[in-house]
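One file, input.cif, carrying mmCIF, C-alpha atoms:
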data_run
#
loop_
_atom_site.label_atom_id
_atom_site.label_comp_id
_atom_site.auth_asym_id
_atom_site.auth_seq_id
_atom_site.Cartn_x
_atom_site.Cartn_y
_atom_site.Cartn_z
CA MET A 785 0.00 0.00 0.00
CA ILE A 786 2.84 2.44 0.81
CA ASP A 787 4.30 1.82 -2.70
CA ASP A 788 1.08 3.11 -4.25
CA VAL A 789 0.98 6.12 -1.88
CA ILE A 790 4.56 7.10 -2.74
CA ALA A 791 3.89 6.68 -6.48
CA ARG A 792 0.97 9.13 -6.06
CA TRP A 793 3.14 11.41 -3.88
CA HIS A 794 5.69 11.68 -6.72
CA ARG A 795 2.84 12.45 -9.16
CA TYR A 796 1.67 15.19 -6.75
CA MET A 797 5.20 16.61 -6.58
CA SER A 798 5.27 16.76 -10.40
CA GLY A 799 1.90 18.52 -10.46
CA GLU A 800 0.29 15.49 -12.10
CA LEU A 801 -2.18 14.40 -9.40
CA PRO A 802 -5.51 16.09 -10.20
CA ASP A 803 -6.90 16.18 -6.62
CA GLY A 804 -3.45 16.59 -5.09
CA LEU A 805 -3.14 16.57 -1.31
CA ASP A 806 -6.92 16.31 -0.90
CA GLU A 807 -6.70 12.79 -2.32
CA LEU A 808 -3.46 11.87 -0.54
CA LEU A 809 -4.10 12.96 3.06
CA ALA A 810 -6.38 11.30 5.61
CA ASP A 811 -8.74 13.63 7.47
CA ASP A 812 -6.91 12.96 10.74
CA VAL A 813 -3.37 13.20 9.32
CA VAL A 814 -0.74 14.51 11.74
CA PHE A 815 2.13 16.74 10.53
CA TYR A 816 5.37 16.81 12.56
CA SER A 817 7.30 19.96 11.70
CA PRO A 818 11.11 20.09 11.61
CA VAL A 819 10.93 23.27 13.73
CA VAL A 820 7.89 23.10 16.01
CA HIS A 821 7.45 20.53 18.79
CA THR A 822 3.64 20.37 18.82
CA PRO A 823 2.15 17.95 16.26
CA GLN A 824 -0.16 19.71 13.77
CA ARG A 825 -3.40 17.74 13.49
CA GLY A 826 -5.81 17.56 10.55
CA LYS A 827 -5.95 17.79 6.79
CA GLU A 828 -6.33 21.56 6.54
CA ILE A 829 -3.25 22.62 8.50
CA THR A 830 -1.15 19.76 7.05
CA THR A 831 -2.13 20.86 3.53
CA ARG A 832 -1.10 24.44 4.36
CA TYR A 833 2.29 23.32 5.70
CA LEU A 834 3.03 20.93 2.83
CA GLU A 835 2.09 23.53 0.21
CA ALA A 836 4.31 26.17 1.84
CA ALA A 837 7.10 23.60 2.19
CA GLY A 838 6.75 22.58 -1.45
CA GLN A 839 7.15 26.21 -2.53
CA SER A 840 9.98 26.96 -0.07
CA LEU A 841 12.00 23.83 -0.88
CA GLY A 842 11.75 24.09 -4.68
CA GLY A 843 15.37 25.22 -4.86
CA ASP A 844 17.18 28.44 -5.69
CA ALA A 845 17.33 29.46 -9.33
CA GLY A 846 20.73 28.50 -10.72
CA ALA A 847 21.59 26.41 -7.64
CA GLY A 848 20.53 22.84 -6.89
CA THR A 849 16.83 22.17 -7.26
CA PHE A 850 14.83 19.78 -5.11
CA ARG A 851 15.59 16.08 -5.65
CA TYR A 852 15.05 12.87 -3.70
CA THR A 853 18.33 11.04 -2.99
CA LYS A 854 17.17 7.92 -1.12
CA GLU A 855 13.86 6.07 -0.91
CA LEU A 856 13.06 3.30 1.57
CA LEU A 857 9.62 1.67 1.73
CA ALA A 858 8.53 -1.00 4.20
CA GLY A 859 5.15 -2.00 5.60
CA ASP A 860 3.06 1.16 6.00
CA THR A 861 6.02 3.55 6.06
CA ALA A 862 8.31 5.35 3.61
CA VAL A 863 11.41 7.47 4.18
CA LEU A 864 12.40 9.79 1.35
CA GLU A 865 15.69 11.65 1.74
CA PHE A 866 16.07 14.87 -0.24
CA GLU A 867 18.52 17.63 -1.09
CA THR A 868 17.78 21.16 -2.21
CA SER A 869 18.96 24.72 -1.68
CA VAL A 870 17.06 27.55 0.04
CA GLY A 871 18.29 31.12 0.41
CA GLY A 872 21.71 30.01 -0.82
CA LYS A 873 21.98 27.27 1.84
CA TYR A 874 22.36 23.56 1.16
CA VAL A 875 19.40 21.64 2.64
CA ASN A 876 19.36 17.90 3.34
CA GLY A 877 16.19 16.36 4.77
CA VAL A 878 13.81 13.44 5.09
CA ASP A 879 10.09 13.02 4.62
CA ILE A 880 8.81 10.19 6.81
CA ILE A 881 5.38 9.14 5.53
CA ARG A 882 3.01 6.58 7.07
CA CYS A 883 -0.30 5.52 5.50
CA ASP A 884 -3.44 3.70 6.64
CA ASP A 885 -4.85 0.61 4.91
CA THR A 886 -6.97 2.70 2.55
CA GLY A 887 -3.85 4.36 1.11
CA ARG A 888 -4.21 7.76 2.79
CA ILE A 889 -1.33 9.47 4.56
CA VAL A 890 -1.89 9.54 8.34
CA GLU A 891 1.56 10.79 9.44
CA PHE A 892 3.95 13.19 7.71
CA ARG A 893 7.20 13.97 9.52
CA VAL A 894 10.00 16.21 8.25
CA MET A 895 13.56 16.57 9.57
CA MET A 896 16.40 18.57 8.08
CA ARG A 897 20.11 19.25 8.45
CA PRO A 898 22.39 21.13 8.88
CA LEU A 899 21.28 23.75 11.41
CA GLN A 900 21.68 26.70 9.01
CA ALA A 901 19.37 24.92 6.54
CA ILE A 902 16.61 24.73 9.14
CA HIS A 903 16.95 28.44 9.85
CA ALA A 904 16.83 29.26 6.12
CA VAL A 905 13.74 27.11 5.49
CA HIS A 906 12.04 28.34 8.67
CA GLU A 907 12.47 31.95 7.56
CA GLU A 908 11.30 31.27 4.01
CA MET A 909 8.24 29.27 5.16
CA GLY A 910 7.32 31.93 7.70
CA ARG A 911 7.22 34.49 4.90
CA ARG A 912 5.03 32.25 2.73
CA LEU A 913 2.62 31.26 5.51
CA ALA A 914 2.27 34.92 6.54
CA ALA A 915 1.66 35.93 2.91
CA ALA A 916 -0.96 33.18 2.54
CA ALA A 917 -2.66 34.28 5.80
CA GLY A 918 -2.61 37.86 4.51
CA GLU A 919 -4.34 36.82 1.30
CA VAL A 920 -6.99 34.93 3.27
CA SER A 921 -7.68 37.89 5.55
CA ARG A 922 -7.66 40.34 2.61
CA SER A 923 -10.10 38.19 0.64
CA ALA A 924 -12.30 37.71 3.75
CA SER A 925 -12.44 41.46 4.41
CA GLY A 926 -12.46 42.56 0.73
CA MET B 113 23.93 -7.21 4.52
CA ILE B 114 22.31 -4.14 6.09
CA ASP B 115 20.20 -6.45 8.32
CA ASP B 116 23.39 -7.90 9.80
CA VAL B 117 24.93 -4.41 10.25
CA ILE B 118 21.84 -3.13 12.10
CA ALA B 119 21.72 -6.25 14.29
CA ARG B 120 25.35 -5.49 15.27
CA TRP B 121 24.50 -1.77 15.68
CA HIS B 122 21.83 -2.70 18.25
CA ARG B 123 24.35 -4.94 20.02
CA TYR B 124 26.77 -1.98 20.09
CA MET B 125 24.05 0.28 21.53
CA SER B 126 23.44 -2.29 24.30
CA GLY B 127 27.18 -2.44 25.06
CA GLU B 128 27.32 -6.04 23.82
CA LEU B 129 29.62 -5.71 20.80
CA PRO B 130 33.17 -6.42 22.01
CA ASP B 131 35.04 -4.34 19.39
CA GLY B 132 32.24 -1.78 19.14
CA LEU B 133 32.53 0.98 16.55
CA ASP B 134 35.98 -0.24 15.51
CA GLU B 135 34.30 -3.34 14.06
CA LEU B 136 31.27 -1.50 12.66
CA LEU B 137 32.81 1.47 10.83
CA ALA B 138 34.70 1.42 7.54
CA ASP B 139 38.01 3.33 7.52
CA ASP B 140 36.59 5.87 5.05
CA VAL B 141 33.18 6.27 6.76
CA VAL B 142 31.59 9.72 6.41
CA PHE B 143 29.57 11.26 9.24
CA TYR B 144 26.91 13.88 8.38
CA SER B 145 26.13 15.91 11.50
CA PRO B 146 22.64 17.27 12.24
CA VAL B 147 24.28 20.65 12.95
CA VAL B 148 27.38 21.07 10.80
CA HIS B 149 27.30 21.27 6.99
CA THR B 150 30.76 19.83 6.26
CA PRO B 151 30.86 16.02 6.12
CA GLN B 152 33.23 14.54 8.72
CA ARG B 153 35.47 11.98 7.04
CA GLY B 154 37.17 8.94 8.58
CA LYS B 155 36.80 6.40 11.34
CA GLU B 156 38.47 8.44 14.10
CA ILE B 157 36.30 11.55 13.95
CA THR B 158 33.13 9.51 13.29
CA THR B 159 33.87 7.38 16.36
CA ARG B 160 34.34 10.54 18.45
CA TYR B 161 31.01 11.99 17.26
CA LEU B 162 29.04 8.76 17.69
CA GLU B 163 30.44 8.19 21.19
CA ALA B 164 29.57 11.76 22.25
CA ALA B 165 26.13 11.41 20.63
CA GLY B 166 25.52 8.12 22.39
CA GLN B 167 26.31 9.73 25.76
CA SER B 168 24.34 12.92 25.01
CA LEU B 169 21.23 11.16 23.70
CA GLY B 170 20.96 8.56 26.48
CA GLY B 171 18.01 10.40 27.97
CA ASP B 172 17.34 12.47 31.08
CA ALA B 173 16.97 10.63 34.37
CA GLY B 174 13.29 10.26 35.15
CA ALA B 175 12.25 11.42 31.66
CA GLY B 176 12.06 9.34 28.49
CA THR B 177 15.19 7.37 27.71
CA PHE B 178 16.52 6.69 24.21
CA ARG B 179 14.43 4.31 22.11
CA TYR B 180 14.09 3.49 18.42
CA THR B 181 10.50 4.02 17.15
CA LYS B 182 10.75 3.00 13.47
CA GLU B 183 13.18 0.82 11.52
CA LEU B 184 13.31 0.57 7.72
CA LEU B 185 15.93 -1.55 5.95
CA ALA B 186 16.37 -1.86 2.18
CA GLY B 187 19.34 -2.68 -0.02
CA ASP B 188 22.46 -1.20 1.60
CA THR B 189 20.59 1.37 3.70
CA ALA B 190 18.73 1.58 7.01
CA VAL B 191 16.73 4.39 8.59
CA LEU B 192 16.21 4.19 12.34
CA GLU B 193 13.89 6.79 13.89
CA PHE B 194 14.39 7.52 17.58
CA GLU B 195 12.99 9.50 20.49
CA THR B 196 14.76 10.63 23.63
CA SER B 197 15.02 13.62 25.94
CA VAL B 198 18.03 15.90 26.46
CA GLY B 199 18.23 18.80 28.89
CA GLY B 200 14.49 18.46 29.48
CA LYS B 201 13.69 18.73 25.76
CA TYR B 202 11.90 16.09 23.68
CA VAL B 203 14.17 14.90 20.85
CA ASN B 204 12.99 13.05 17.72
CA GLY B 205 15.57 12.00 15.15
CA VAL B 206 16.78 9.57 12.52
CA ASP B 207 19.99 7.65 11.97
CA ILE B 208 20.51 6.98 8.26
CA ILE B 209 23.09 4.23 7.90
CA ARG B 210 24.61 2.87 4.67
CA CYS B 211 27.03 -0.06 4.49
CA ASP B 212 29.45 -1.49 1.93
CA ASP B 213 29.37 -5.12 0.75
CA THR B 214 31.72 -6.24 3.53
CA GLY B 215 29.21 -5.12 6.17
CA ARG B 216 31.03 -1.97 7.34
CA ILE B 217 29.25 1.35 7.77
CA VAL B 218 30.37 3.86 5.09
CA GLU B 219 27.80 6.62 5.73
CA PHE B 220 26.19 7.75 9.00
CA ARG B 221 23.76 10.64 8.79
CA VAL B 222 21.78 12.13 11.68
CA MET B 223 18.84 14.55 11.56
CA MET B 224 16.69 15.75 14.45
CA ARG B 225 13.56 17.75 15.25
CA PRO B 226 12.20 20.02 16.61
CA LEU B 227 14.56 23.01 16.51
CA GLN B 228 14.87 23.31 20.31
CA ALA B 229 15.98 19.66 20.43
CA ILE B 230 18.86 20.36 18.05
CA HIS B 231 19.99 23.28 20.22
CA ALA B 232 19.80 21.14 23.39
CA VAL B 233 21.78 18.26 21.83
CA HIS B 234 24.29 20.64 20.22
CA GLU B 235 25.01 22.25 23.59
CA GLU B 236 25.29 18.91 25.41
CA MET B 237 27.57 17.40 22.74
CA GLY B 238 29.76 20.50 22.69
CA ARG B 239 30.32 20.07 26.43
CA ARG B 240 31.21 16.40 26.02
CA LEU B 241 33.53 16.88 23.02
CA ALA B 242 35.32 19.74 24.82
CA ALA B 243 35.69 17.62 27.96
CA ALA B 244 37.06 14.72 25.87
CA ALA B 245 39.50 17.09 24.10
CA GLY B 246 40.56 18.45 27.51
CA GLU B 247 41.30 14.93 28.76
CA VAL B 248 43.36 14.19 25.65
CA SER B 249 45.41 17.39 26.00
CA ARG B 250 45.85 16.84 29.77
CA SER B 251 47.07 13.28 29.25
CA ALA B 252 49.36 14.40 26.39
CA SER B 253 50.95 17.13 28.52
CA GLY B 254 50.84 15.29 31.85
#

Translate the structure described by the file into structure tokens.
Amino acid sequence: MIDDVIARWHRYMSGELPDGLDELLADDVVFYSPVVHTPQRGKEITTRYLEAAGQSLGGDAGAGTFRYTKELLAGDTAVLEFETSVGGKYVNGVDIIRCDDTGRIVEFRVMMRPLQAIHAVHEEMGRRLAAAAGEVSRSASG
Amino acid sequence: MIDDVIARWHRYMSGELPDGLDELLADDVVFYSPVVHTPQRGKEITTRYLEAAGQSLGGDAGAGTFRYTKELLAGDTAVLEFETSVGGKYVNGVDIIRCDDTGRIVEFRVMMRPLQAIHAVHEEMGRRLAAAAGEVSRSASG
């Protein structure tokens, strides 16, 4: 089952999964941030984090772009190691993904190294999440 | 082959592998620190880091002690996810271990979350590495 989930995850990452994260994530999915201790529960907040992460981790123009460097699948769990570059800093990380028996993602955990990479991604994601929140509040009030 | 390496790694962690890291690590092993960008090359420095990490990550008395929570093995690679507590902070991390075809570890990569955990471990390991360096220089001059 995890093989199928990861095949769909790669299609999502290439922009080729029509319903995207809505199809991939379980309603009660839990997101474990590389920065924040408290688990983020539910499809809505996990979608927001993964979308901001996807944009932040895309890679700097001219420098290395996002690529997966290792992939391990076993049972209900996958570990995908990646490399990219954000704000001029080399970023090395893992996505740890666990699915239920209907093929939906119930756990999404991200860790990164080295320390300066986490700071760079944290800063970049903060900007994007704030911008997204700004758009929401502008469209709600406008 | 990786199954055998991880079985011996667990024996090392329990203090039951007579020759310890000397038996487990290849001479040209590369250690990728959760904090530092530059890969650390060679058996001597990798041994020093892994020994300090082992002591630092043991867990706080009375709080959670070190335990592995997920284990994925495939081909020449293993990912072991762990939880522990250092300086009162919850620590969640992964060891990514790759071996050669003689069963020696050639790559050891560590990542951790959340951010405050990395700071706590960094501080604790700095103390231990400095203390170890102090002992070496005292015994060399004494």

Residue hits in chain B, query chain A, radius 7 Å, all atoms listed in the file, as a ChimeraX atom specification = /B:145-149,184,186,223-227

Mind checking which residues fall within 6 Å of stretch 798-813 of chain A, counting only C-alpha atoms, ignoring those fewer than 3 positions away in the same chain, and posting them as a list in words?
->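 Once the nearby chain positions are removed, what remains is Arg795, Gly826, Lys827, Arg888, Ile889, Val890 and Glu891 of chain A.
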
Which of B:Phe143, B:Arg179, B:Met237, B:Met125 sits closest to B:Ala165 [using all atoms listed in the file] =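 Smallest separation from B:Ala165 among the options: B:Met237.
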
Students should find that atom CA of A:Asp788 and atom CA of B:Tyr180 are spaced 26.1 Å

Separation of atom CA of A:Thr868 from atom CA of A:Ala791 in Å =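 That distance, rounded to one decimal, is 20.5 Å.
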
Measuring atom to atom with all atoms listed in the file, identify which of A:Leu834, A:Ile786, A:Leu841, A:Ala914 is nearest to A:Val814.
->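 The closest residue to A:Val814 is A:Leu834.
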
In Å, rounded to a single decimal, give me how far atom CA of B:Arg210 is from atom CA of A:Ile790.
-> 21.8 Å

Got a sec: who's within 8 Å of B:Glu236, counting only C-alpha atoms, leaving out chain neighbours fewer than 5 positions off, as an MDAnalysis selection string?
-> chainID B and resid 168 198:199

Let's have the selection written as a compact mmCIF listing (two decimals), in the coordinates of the input, with C-alpha atoms.
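selection.txt written:
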# COMPACT_ATOMS: atom_id res chain seq x y z
CA SER B 168 24.34 12.92 25.01
CA VAL B 198 18.03 15.90 26.46
CA GLY B 199 18.23 18.80 28.89

Could I get stretch 835-891 of chain A from the block written as a CSV table (one decimal), in the first residue's frame, with C-alpha atoms?
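selection-v5.csv written:
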chain,number,residue,atom,x,y,z
A,835,GLU,CA,2.1,23.5,0.2
A,836,ALA,CA,4.3,26.2,1.8
A,837,ALA,CA,7.1,23.6,2.2
A,838,GLY,CA,6.8,22.6,-1.5
A,839,GLN,CA,7.1,26.2,-2.5
A,840,SER,CA,10.0,27.0,-0.1
A,841,LEU,CA,12.0,23.8,-0.9
A,842,GLY,CA,11.7,24.1,-4.7
A,843,GLY,CA,15.4,25.2,-4.9
A,844,ASP,CA,17.2,28.4,-5.7
A,845,ALA,CA,17.3,29.5,-9.3
A,846,GLY,CA,20.7,28.5,-10.7
A,847,ALA,CA,21.6,26.4,-7.6
A,848,GLY,CA,20.5,22.8,-6.9
A,849,THR,CA,16.8,22.2,-7.3
A,850,PHE,CA,14.8,19.8,-5.1
A,851,ARG,CA,15.6,16.1,-5.6
A,852,TYR,CA,15.0,12.9,-3.7
A,853,THR,CA,18.3,11.0,-3.0
A,854,LYS,CA,17.2,7.9,-1.1
A,855,GLU,CA,13.9,6.1,-0.9
A,856,LEU,CA,13.1,3.3,1.6
A,857,LEU,CA,9.6,1.7,1.7
A,858,ALA,CA,8.5,-1.0,4.2
A,859,GLY,CA,5.2,-2.0,5.6
A,860,ASP,CA,3.1,1.2,6.0
A,861,THR,CA,6.0,3.6,6.1
A,862,ALA,CA,8.3,5.4,3.6
A,863,VAL,CA,11.4,7.5,4.2
A,864,LEU,CA,12.4,9.8,1.3
A,865,GLU,CA,15.7,11.7,1.7
A,866,PHE,CA,16.1,14.9,-0.2
A,867,GLU,CA,18.5,17.6,-1.1
A,868,THR,CA,17.8,21.2,-2.2
A,869,SER,CA,19.0,24.7,-1.7
A,870,VAL,CA,17.1,27.6,0.0
A,871,GLY,CA,18.3,31.1,0.4
A,872,GLY,CA,21.7,30.0,-0.8
A,873,LYS,CA,22.0,27.3,1.8
A,874,TYR,CA,22.4,23.6,1.2
A,875,VAL,CA,19.4,21.6,2.6
A,876,ASN,CA,19.4,17.9,3.3
A,877,GLY,CA,16.2,16.4,4.8
A,878,VAL,CA,13.8,13.4,5.1
A,879,ASP,CA,10.1,13.0,4.6
A,880,ILE,CA,8.8,10.2,6.8
A,881,ILE,CA,5.4,9.1,5.5
A,882,ARG,CA,3.0,6.6,7.1
A,883,CYS,CA,-0.3,5.5,5.5
A,884,ASP,CA,-3.4,3.7,6.6
A,885,ASP,CA,-4.8,0.6,4.9
A,886,THR,CA,-7.0,2.7,2.6
A,887,GLY,CA,-3.8,4.4,1.1
A,888,ARG,CA,-4.2,7.8,2.8
A,889,ILE,CA,-1.3,9.5,4.6
A,890,VAL,CA,-1.9,9.5,8.3
A,891,GLU,CA,1.6,10.8,9.4
